[in-house]
file input-v2.cif (mmCIF, C-alpha atoms and all ligand atoms)
data_coords
#
loop_
_atom_site.group_PDB
_atom_site.id
_atom_site.type_symbol
_atom_site.label_atom_id
_atom_site.label_comp_id
_atom_site.auth_asym_id
_atom_site.auth_seq_id
_atom_site.Cartn_x
_atom_site.Cartn_y
_atom_site.Cartn_z
ATOM 1 C CA MET A 433 20.161 3.970 -14.880
ATOM 2 C CA LYS A 434 22.879 6.117 -13.371
ATOM 3 C CA ILE A 435 23.183 5.671 -9.589
ATOM 4 C CA ILE A 436 25.020 8.381 -7.715
ATOM 5 C CA TYR A 437 26.391 8.109 -4.201
ATOM 6 C CA ALA A 438 25.835 10.814 -1.599
ATOM 7 C CA LYS A 439 27.350 10.700 1.874
ATOM 8 C CA ASP A 440 24.178 11.792 3.645
ATOM 9 C CA TYR A 441 20.809 13.531 3.178
ATOM 10 C CA ASP A 442 22.470 16.936 2.940
ATOM 11 C CA GLU A 443 24.816 15.907 0.159
ATOM 12 C CA LEU A 444 21.972 14.094 -1.628
ATOM 13 C CA SER A 445 19.831 17.239 -1.455
ATOM 14 C CA ARG A 446 22.672 19.415 -2.761
ATOM 15 C CA LYS A 447 23.401 17.072 -5.674
ATOM 16 C CA ALA A 448 19.710 16.792 -6.574
ATOM 17 C CA ALA A 449 19.111 20.547 -6.358
ATOM 18 C CA ASN A 450 22.183 21.243 -8.491
ATOM 19 C CA ARG A 451 20.840 18.963 -11.203
ATOM 20 C CA ILE A 452 17.412 20.605 -11.153
ATOM 21 C CA ALA A 453 19.011 24.059 -11.202
ATOM 22 C CA ALA A 454 21.222 23.020 -14.129
ATOM 23 C CA GLN A 455 18.112 21.913 -16.034
ATOM 24 C CA VAL A 456 16.452 25.302 -15.435
ATOM 25 C CA ILE A 457 19.613 27.279 -16.230
ATOM 26 C CA LEU A 458 20.015 25.443 -19.540
ATOM 27 C CA LYS A 459 16.293 25.701 -20.399
ATOM 28 C CA SER A 460 14.529 28.505 -18.545
ATOM 29 C CA GLU A 461 11.057 27.392 -19.679
ATOM 30 C CA SER A 462 11.541 23.824 -18.418
ATOM 31 C CA VAL A 463 8.594 21.732 -17.304
ATOM 32 C CA LEU A 464 9.552 20.297 -13.914
ATOM 33 C CA GLY A 465 7.705 17.281 -12.545
ATOM 34 C CA LEU A 466 7.702 17.547 -8.757
ATOM 35 C CA ALA A 467 7.059 15.284 -5.788
ATOM 36 C CA THR A 468 6.042 15.702 -2.162
ATOM 37 C CA GLY A 469 7.102 13.676 0.896
ATOM 38 C CA SER A 470 10.166 13.893 3.087
ATOM 39 C CA SER A 471 12.762 12.990 0.441
ATOM 40 C CA PRO A 472 12.554 16.239 -1.586
ATOM 41 C CA LEU A 473 12.362 18.654 1.368
ATOM 42 C CA GLY A 474 16.136 19.189 1.493
ATOM 43 C CA THR A 475 16.315 19.488 -2.292
ATOM 44 C CA TYR A 476 13.654 22.205 -2.215
ATOM 45 C CA ARG A 477 15.502 24.036 0.577
ATOM 46 C CA ARG A 478 18.664 23.979 -1.557
ATOM 47 C CA LEU A 479 16.787 25.215 -4.627
ATOM 48 C CA ILE A 480 15.410 28.116 -2.572
ATOM 49 C CA LYS A 481 18.985 28.998 -1.522
ATOM 50 C CA LEU A 482 20.177 28.888 -5.134
ATOM 51 C CA TYR A 483 17.292 31.170 -6.100
ATOM 52 C CA GLU A 484 18.039 33.575 -3.243
ATOM 53 C CA ALA A 485 21.688 33.705 -4.311
ATOM 54 C CA GLY A 486 20.508 34.722 -7.797
ATOM 55 C CA ASP A 487 21.901 31.567 -9.404
ATOM 56 C CA VAL A 488 18.622 30.248 -10.807
ATOM 57 C CA HIS A 489 15.255 31.755 -11.753
ATOM 58 C CA PHE A 490 11.967 29.945 -12.168
ATOM 59 C CA SER A 491 9.849 32.706 -13.687
ATOM 60 C CA LYS A 492 9.524 30.868 -17.009
ATOM 61 C CA CYS A 493 9.262 27.343 -15.542
ATOM 62 C CA ARG A 494 6.140 25.258 -15.341
ATOM 63 C CA ALA A 495 5.710 22.723 -12.532
ATOM 64 C CA VAL A 496 3.457 19.671 -12.592
ATOM 65 C CA ASN A 497 3.042 17.593 -9.470
ATOM 66 C CA LEU A 498 2.766 13.845 -9.381
ATOM 67 C CA ASP A 499 -0.254 13.452 -7.166
ATOM 68 C CA GLU A 500 -2.886 14.863 -4.814
ATOM 69 C CA TYR A 501 -5.366 13.506 -2.285
ATOM 70 C CA CYS A 502 -9.022 13.449 -3.283
ATOM 71 C CA GLY A 503 -11.329 15.551 -1.150
ATOM 72 C CA LEU A 504 -8.770 17.943 0.340
ATOM 73 C CA PRO A 505 -8.989 21.623 -0.602
ATOM 74 C CA GLU A 506 -5.664 23.339 -1.296
ATOM 75 C CA GLU A 507 -5.921 25.276 1.990
ATOM 76 C CA ASN A 508 -5.860 22.010 3.937
ATOM 77 C CA THR A 509 -2.420 21.708 5.491
ATOM 78 C CA GLN A 510 -2.279 18.019 4.510
ATOM 79 C CA SER A 511 -2.938 18.649 0.814
ATOM 80 C CA TYR A 512 -0.010 18.342 -1.558
ATOM 81 C CA ALA A 513 -0.931 21.741 -3.035
ATOM 82 C CA TYR A 514 -0.338 23.243 0.423
ATOM 83 C CA PHE A 515 2.917 21.286 0.804
ATOM 84 C CA MET A 516 4.277 22.613 -2.481
ATOM 85 C CA LYS A 517 3.348 26.201 -1.696
ATOM 86 C CA GLU A 518 4.864 26.077 1.794
ATOM 87 C CA ASN A 519 8.022 24.177 0.923
ATOM 88 C CA LEU A 520 8.912 25.624 -2.457
ATOM 89 C CA PHE A 521 6.597 27.791 -4.539
ATOM 90 C CA ARG A 522 6.085 30.728 -2.185
ATOM 91 C CA HIS A 523 9.853 31.072 -1.719
ATOM 92 C CA ILE A 524 10.815 31.294 -5.403
ATOM 93 C CA ASP A 525 9.688 33.304 -8.433
ATOM 94 C CA ILE A 526 7.615 30.598 -10.125
ATOM 95 C CA ARG A 527 4.260 32.045 -11.215
ATOM 96 C CA PRO A 528 1.309 30.438 -9.392
ATOM 97 C CA GLU A 529 -0.525 30.059 -12.711
ATOM 98 C CA ASN A 530 2.399 27.934 -13.933
ATOM 99 C CA THR A 531 2.042 25.373 -11.164
ATOM 100 C CA TYR A 532 -0.224 22.395 -11.749
ATOM 101 C CA ILE A 533 -1.485 19.687 -9.444
ATOM 102 C CA PRO A 534 -4.531 17.412 -9.774
ATOM 103 C CA ASP A 535 -7.664 19.058 -8.378
ATOM 104 C CA GLY A 536 -8.444 16.908 -5.359
ATOM 105 C CA MET A 537 -11.836 18.602 -4.999
ATOM 106 C CA ASN A 538 -13.039 17.543 -8.448
ATOM 107 C CA ARG A 539 -15.458 14.682 -7.780
ATOM 108 C CA ASP A 540 -15.637 13.805 -11.471
ATOM 109 C CA MET A 541 -12.786 11.310 -11.243
ATOM 110 C CA GLU A 542 -12.681 10.351 -14.891
ATOM 111 C CA GLY A 543 -12.945 13.989 -15.963
ATOM 112 C CA GLU A 544 -10.172 15.100 -13.603
ATOM 113 C CA CYS A 545 -7.809 12.338 -14.720
ATOM 114 C CA GLY A 546 -8.349 13.171 -18.390
ATOM 115 C CA ARG A 547 -7.978 16.892 -17.707
ATOM 116 C CA TYR A 548 -4.684 16.451 -15.821
ATOM 117 C CA GLU A 549 -3.225 14.089 -18.386
ATOM 118 C CA GLU A 550 -4.093 16.659 -21.068
ATOM 119 C CA THR A 551 -2.497 19.438 -18.972
ATOM 120 C CA VAL A 552 0.808 17.551 -18.862
ATOM 121 C CA ARG A 553 0.584 16.835 -22.600
ATOM 122 C CA SER A 554 -0.287 20.428 -23.473
ATOM 123 C CA LEU A 555 2.830 21.668 -21.679
ATOM 124 C CA GLY A 556 4.863 19.565 -24.087
ATOM 125 C CA GLY A 557 5.654 16.848 -21.540
ATOM 126 C CA VAL A 558 7.922 16.889 -18.522
ATOM 127 C CA ASP A 559 11.602 17.799 -19.009
ATOM 128 C CA LEU A 560 12.782 16.572 -15.619
ATOM 129 C CA GLN A 561 10.673 14.487 -13.253
ATOM 130 C CA LEU A 562 11.703 14.336 -9.597
ATOM 131 C CA LEU A 563 10.626 11.159 -7.782
ATOM 132 C CA GLY A 564 10.791 9.693 -4.316
ATOM 133 C CA ILE A 565 10.229 5.964 -3.817
ATOM 134 C CA GLY A 566 7.954 4.149 -1.380
ATOM 135 C CA HIS A 567 9.235 1.235 0.695
ATOM 136 C CA ASN A 568 7.135 -1.043 -1.501
ATOM 137 C CA GLY A 569 8.505 0.487 -4.710
ATOM 138 C CA HIS A 570 5.632 2.861 -5.401
ATOM 139 C CA ILE A 571 6.279 5.973 -7.454
ATOM 140 C CA GLY A 572 3.662 8.696 -7.331
ATOM 141 C CA PHE A 573 0.697 6.793 -5.886
ATOM 142 C CA ASN A 574 1.267 3.869 -8.245
ATOM 143 C CA GLU A 575 1.185 1.056 -5.728
ATOM 144 C CA PRO A 576 2.302 -2.510 -6.463
ATOM 145 C CA CYS A 577 -0.350 -4.255 -8.581
ATOM 146 C CA ASP A 578 -0.733 -6.638 -11.514
ATOM 147 C CA PHE A 579 -0.197 -4.106 -14.290
ATOM 148 C CA PHE A 580 1.433 -0.739 -14.927
ATOM 149 C CA PRO A 581 -1.313 1.945 -14.911
ATOM 150 C CA LYS A 582 -0.669 4.079 -17.960
ATOM 151 C CA GLU A 583 -2.204 7.491 -17.446
ATOM 152 C CA THR A 584 -3.339 9.744 -14.594
ATOM 153 C CA HIS A 585 -5.855 7.791 -12.546
ATOM 154 C CA CYS A 586 -7.607 7.685 -9.207
ATOM 155 C CA VAL A 587 -6.311 5.152 -6.680
ATOM 156 C CA GLU A 588 -7.939 3.807 -3.571
ATOM 157 C CA LEU A 589 -5.389 4.115 -0.776
ATOM 158 C CA SER A 590 -4.478 0.925 1.036
ATOM 159 C CA LYS A 591 -5.685 0.512 4.629
ATOM 160 C CA GLN A 592 -2.023 0.670 5.663
ATOM 161 C CA THR A 593 -1.626 4.112 4.035
ATOM 162 C CA VAL A 594 -4.898 5.416 5.512
ATOM 163 C CA ASP A 595 -3.841 4.154 8.959
ATOM 164 C CA ALA A 596 -0.418 5.783 8.610
ATOM 165 C CA ASN A 597 -1.972 9.084 7.512
ATOM 166 C CA SER A 598 -4.548 9.151 10.290
ATOM 167 C CA ARG A 599 -1.960 10.688 12.664
ATOM 168 C CA PHE A 600 -2.142 13.924 10.662
ATOM 169 C CA PHE A 601 -5.927 14.291 10.933
ATOM 170 C CA PRO A 602 -8.199 15.078 13.901
ATOM 171 C CA LYS A 603 -10.627 12.270 13.006
ATOM 172 C CA ARG A 604 -10.113 9.036 11.078
ATOM 173 C CA GLU A 605 -13.118 9.913 8.858
ATOM 174 C CA ASP A 606 -11.152 12.958 7.645
ATOM 175 C CA VAL A 607 -8.318 10.859 6.246
ATOM 176 C CA PRO A 608 -8.502 10.749 2.430
ATOM 177 C CA THR A 609 -9.245 7.301 1.030
ATOM 178 C CA HIS A 610 -8.459 8.133 -2.604
ATOM 179 C CA ALA A 611 -5.822 10.075 -4.497
ATOM 180 C CA TYR A 612 -5.165 11.208 -8.044
ATOM 181 C CA THR A 613 -1.780 10.231 -9.451
ATOM 182 C CA MET A 614 0.105 10.435 -12.701
ATOM 183 C CA GLY A 615 0.302 6.976 -14.232
ATOM 184 C CA ILE A 616 3.451 4.991 -14.880
ATOM 185 C CA GLY A 617 3.133 5.931 -18.555
ATOM 186 C CA THR A 618 2.887 9.642 -17.662
ATOM 187 C CA ILE A 619 6.029 9.330 -15.522
ATOM 188 C CA MET A 620 7.931 7.294 -18.124
ATOM 189 C CA ALA A 621 7.164 9.932 -20.778
ATOM 190 C CA ALA A 622 9.355 12.460 -18.922
ATOM 191 C CA LYS A 623 12.542 13.246 -20.829
ATOM 192 C CA LYS A 624 14.701 12.868 -17.712
ATOM 193 C CA ILE A 625 13.970 11.292 -14.342
ATOM 194 C CA LEU A 626 15.728 12.048 -11.059
ATOM 195 C CA LEU A 627 14.896 9.686 -8.194
ATOM 196 C CA ILE A 628 16.117 10.450 -4.689
ATOM 197 C CA ALA A 629 16.202 8.124 -1.695
ATOM 198 C CA SER A 630 17.532 8.443 1.806
ATOM 199 C CA GLY A 631 17.855 6.188 4.845
ATOM 200 C CA GLU A 632 18.422 2.488 5.456
ATOM 201 C CA ALA A 633 14.705 1.673 5.211
ATOM 202 C CA LYS A 634 14.959 2.368 1.455
ATOM 203 C CA ALA A 635 17.962 0.045 0.923
ATOM 204 C CA PRO A 636 16.036 -3.168 0.073
ATOM 205 C CA ILE A 637 13.737 -1.461 -2.414
ATOM 206 C CA LEU A 638 16.605 0.363 -4.155
ATOM 207 C CA LEU A 639 18.295 -2.989 -4.707
ATOM 208 C CA GLN A 640 15.079 -4.474 -6.082
ATOM 209 C CA MET A 641 14.368 -1.435 -8.248
ATOM 210 C CA ALA A 642 17.790 -1.442 -9.871
ATOM 211 C CA THR A 643 18.598 -5.155 -10.124
ATOM 212 C CA GLY A 644 15.320 -7.037 -9.816
ATOM 213 C CA PRO A 645 12.971 -8.083 -12.610
ATOM 214 C CA VAL A 646 10.886 -5.305 -14.158
ATOM 215 C CA CYS A 647 7.392 -6.008 -12.868
ATOM 216 C CA PRO A 648 4.322 -4.030 -11.715
ATOM 217 C CA GLN A 649 4.669 -5.587 -8.255
ATOM 218 C CA VAL A 650 7.705 -3.275 -7.919
ATOM 219 C CA PRO A 651 6.434 -0.235 -9.859
ATOM 220 C CA ALA A 652 9.773 1.645 -9.743
ATOM 221 C CA SER A 653 11.512 -1.268 -11.505
ATOM 222 C CA ILE A 654 10.046 0.065 -14.788
ATOM 223 C CA LEU A 655 12.626 2.853 -14.524
ATOM 224 C CA GLN A 656 15.224 0.314 -15.740
ATOM 225 C CA PHE A 657 13.581 0.782 -19.161
ATOM 226 C CA HIS A 658 13.884 4.586 -19.207
ATOM 227 C CA SER A 659 16.854 5.936 -21.132
ATOM 228 C CA ASP A 660 17.712 8.850 -18.823
ATOM 229 C CA VAL A 661 17.270 8.040 -15.138
ATOM 230 C CA THR A 662 19.556 9.330 -12.407
ATOM 231 C CA VAL A 663 19.198 7.960 -8.888
ATOM 232 C CA ILE A 664 20.838 9.919 -6.090
ATOM 233 C CA ALA A 665 20.846 8.114 -2.775
ATOM 234 C CA ASP A 666 22.680 8.451 0.486
ATOM 235 C CA GLU A 667 25.024 5.848 1.912
ATOM 236 C CA ASP A 668 22.349 4.275 4.127
ATOM 237 C CA ALA A 669 19.912 3.859 1.245
ATOM 238 C CA LEU A 670 22.695 2.476 -0.984
ATOM 239 C CA ASP A 671 23.833 -0.049 1.613
ATOM 240 C CA MET A 672 22.471 -3.174 -0.123
ATOM 241 C CA LEU A 673 23.395 -1.986 -3.616
ATOM 242 C CA MET A 674 26.969 -1.311 -2.463
ATOM 243 C CA GLU A 675 27.138 -4.846 -1.139
ATOM 244 C CA ASN A 676 25.413 -6.652 -4.021
ATOM 245 C CA ALA A 677 26.004 -4.538 -7.111
ATOM 246 C CA PRO A 678 28.681 -1.888 -6.415
ATOM 247 C CA TYR A 679 29.512 -1.704 -10.149
ATOM 248 C CA LEU A 680 26.151 0.052 -10.686
ATOM 249 C CA ILE A 681 27.097 2.999 -8.463
ATOM 250 C CA GLN A 682 28.956 6.039 -9.763
ATOM 251 C CA GLU A 683 30.981 8.470 -7.699
ATOM 252 C CA LEU A 684 31.606 5.943 -4.921
ATOM 253 C CA PRO A 685 34.142 7.342 -2.452
ATOM 254 C CA GLU A 686 37.574 5.697 -2.198
ATOM 255 C CA LEU A 687 37.341 3.200 0.634
HETATM 256 C C1 LIG B 1 4.947 12.000 -3.311
HETATM 257 C C2 LIG B 1 4.916 10.681 -3.915
HETATM 258 C C3 LIG B 1 5.371 9.452 -3.205
HETATM 259 C C4 LIG B 1 6.645 9.637 -2.379
HETATM 260 C C5 LIG B 1 7.037 8.332 -1.691
HETATM 261 C C6 LIG B 1 8.268 8.501 -0.819
HETATM 262 O O1 LIG B 1 4.433 12.988 -4.172
HETATM 263 O O2 LIG B 1 4.475 10.596 -4.998
HETATM 264 O O3 LIG B 1 5.582 8.440 -4.156
HETATM 265 O O4 LIG B 1 7.681 10.078 -3.208
HETATM 266 O O5 LIG B 1 5.984 7.864 -0.911
HETATM 267 O O6 LIG B 1 7.932 9.327 0.251
HETATM 268 P P1 LIG B 1 9.054 9.886 1.247
HETATM 269 O O7 LIG B 1 9.896 10.815 0.450
HETATM 270 O O8 LIG B 1 8.263 10.631 2.299
HETATM 271 O O9 LIG B 1 9.806 8.707 1.743
#
call {"tool": "encode", "arguments": {"input": "input-v2.cif", "output": "structure tokens"}}
result
Amino acid sequence: MKIIYAKDYDELSRKAANRIAAQVILKSESVLGLATGSSPLGTYRRLIKLYEAGDVHFSKCRAVNLDEYCGLPEENTQSYAYFMKENLFRHIDIRPENTYIPDGMNRDMEGECGRYEETVRSLGGVDLQLLGIGHNGHIGFNEPCDFFPKETHCVELSKQTVDANSRFFPKREDVPTHAYTMGIGTIMAAKKILLIASGEAKAPILLQMATGPVCPQVPASILQFHSDVTVIADEDALDMLMENAPYLIQELPEL
């Protein structure tokens, strides 16, 4: 696991976008695994700038997203399909038919999970998977549990997550209670993984992820077993790693 220091969110976003752009420049038909949430927003903004400057083109890329809420149509502003369109896809030259995300409206849960897993496989696997990390170590919607879920599956969202999400919906009954997510096995099958984290609230979990035991109670800890993981985190998120395991961090500034 290569851990790279960034001064702040801006620098983190620039470093992450440069790595994704490099992947696409070196292999124009790359399969990019993408994430939603606040961590990748700056990275996507930077990628859009690189595209606008003519430095990178996505016309041959395929994009597969990690997860999607069940029961939300893609026009719903809270769906991850909507998020991806608004924050990245509609600003670059990726072809809509080359973007994939679980179909949250498919009520056949088993069928949808099998279909999505097969989609990822049929693309030849993910070349570069972008990840954020939850405060509890979740990646995708793989929450802490007693085992590592292997393939794409449907998860019941914790009450805590439903409560947190209820601020985005007019009524609590509208808040999704389930989501489809790639499994830990699907994520680990990516050739390269790029995890980004920002802010002091992520400091304890970054320390646990990188130095703690590999266990399903901290799902992201499994990344210690992947042969090509890069973590880019800002100074606040790296705070506890800098104190407890500075030797793990590359590109630390001279103090
Ligand atoms: C998003 C996803 C989640 C987020 C994680 C961190 O597609 O799969 O695992 O990456 O919850 O979210 P932020 O970036 O909002 O802190």
call {"tool": "resolve_selection", "arguments": {"input": "input-v2.cif", "expression": "the PyMOL selection byres (((not hetatm)) within 6 of (chain B and resi 1))", "output": "list of chain:residue names"}}
result
A:Ala467, A:Thr468, A:Gly469, A:Ser470, A:Ser471, A:Leu498, A:Asp499, A:Leu563, A:Gly564, A:Ile565, A:Gly566, A:His570, A:Ile571, A:Gly572, A:Phe573
call {"tool": "residues_around", "arguments": {"input": "input-v2.cif", "residues": "segment 588-604 of chain A", "least_positions_apart": "6", "cutoff": "12 Å", "atoms": "all atoms listed in the file", "output": "PDB file with C-alpha atoms, in the coordinates of the input"}}
result
ATOM      1  CA  GLU A 500      -2.886  14.863  -4.814  1.00  0.00           C
ATOM      2  CA  TYR A 501      -5.366  13.506  -2.285  1.00  0.00           C
ATOM      3  CA  CYS A 502      -9.022  13.449  -3.283  1.00  0.00           C
ATOM      4  CA  LEU A 504      -8.770  17.943   0.340  1.00  0.00           C
ATOM      5  CA  ASN A 508      -5.860  22.010   3.937  1.00  0.00           C
ATOM      6  CA  THR A 509      -2.420  21.708   5.491  1.00  0.00           C
ATOM      7  CA  GLN A 510      -2.279  18.019   4.510  1.00  0.00           C
ATOM      8  CA  SER A 511      -2.938  18.649   0.814  1.00  0.00           C
ATOM      9  CA  MET A 541     -12.786  11.310 -11.243  1.00  0.00           C
ATOM     10  CA  GLY A 566       7.954   4.149  -1.380  1.00  0.00           C
ATOM     11  CA  HIS A 567       9.235   1.235   0.695  1.00  0.00           C
ATOM     12  CA  ASN A 568       7.135  -1.043  -1.501  1.00  0.00           C
ATOM     13  CA  HIS A 570       5.632   2.861  -5.401  1.00  0.00           C
ATOM     14  CA  PHE A 573       0.697   6.793  -5.886  1.00  0.00           C
ATOM     15  CA  ASN A 574       1.267   3.869  -8.245  1.00  0.00           C
ATOM     16  CA  GLU A 575       1.185   1.056  -5.728  1.00  0.00           C
ATOM     17  CA  PRO A 576       2.302  -2.510  -6.463  1.00  0.00           C
ATOM     18  CA  CYS A 577      -0.350  -4.255  -8.581  1.00  0.00           C
ATOM     19  CA  HIS A 610      -8.459   8.133  -2.604  1.00  0.00           C
ATOM     20  CA  ALA A 611      -5.822  10.075  -4.497  1.00  0.00           C
ATOM     21  CA  TYR A 612      -5.165  11.208  -8.044  1.00  0.00           C
ATOM     22  CA  THR A 613      -1.780  10.231  -9.451  1.00  0.00           C
TER      23      THR A 613
END
call {"tool": "resolve_selection", "arguments": {"input": "input-v2.cif", "expression": "the PyMOL selection byres (((chain A and resi 516) around 10) and not hetatm)", "output": "MDAnalysis selection string"}}
result
chainID A and resid 466:469 473 476 497 511:515 517:522 531 533
call {"tool": "closest_residue", "arguments": {"input": "input-v2.cif", "among": "A:Lys634, A:Arg539, A:Arg553, A:His489", "to": "Ala665 of chain A", "atoms": "all atoms listed in the file"}}
result
A:Lys634
call {"tool": "closest_residue", "arguments": {"input": "input-v2.cif", "among": "A:Leu639, A:Val552, A:Ala622, A:Cys647", "to": "Asp660 of chain A", "atoms": "only C-alpha atoms"}}
result
A:Ala622
call {"tool": "residues_around", "arguments": {"input": "input-v2.cif", "residues": "Ala677 of chain A", "least_positions_apart": "5", "cutoff": "10 Å", "atoms": "all atoms listed in the file", "output": "list in words"}}
result
Leu639, Ala642, Thr643, Leu670 and Met672 of chain A
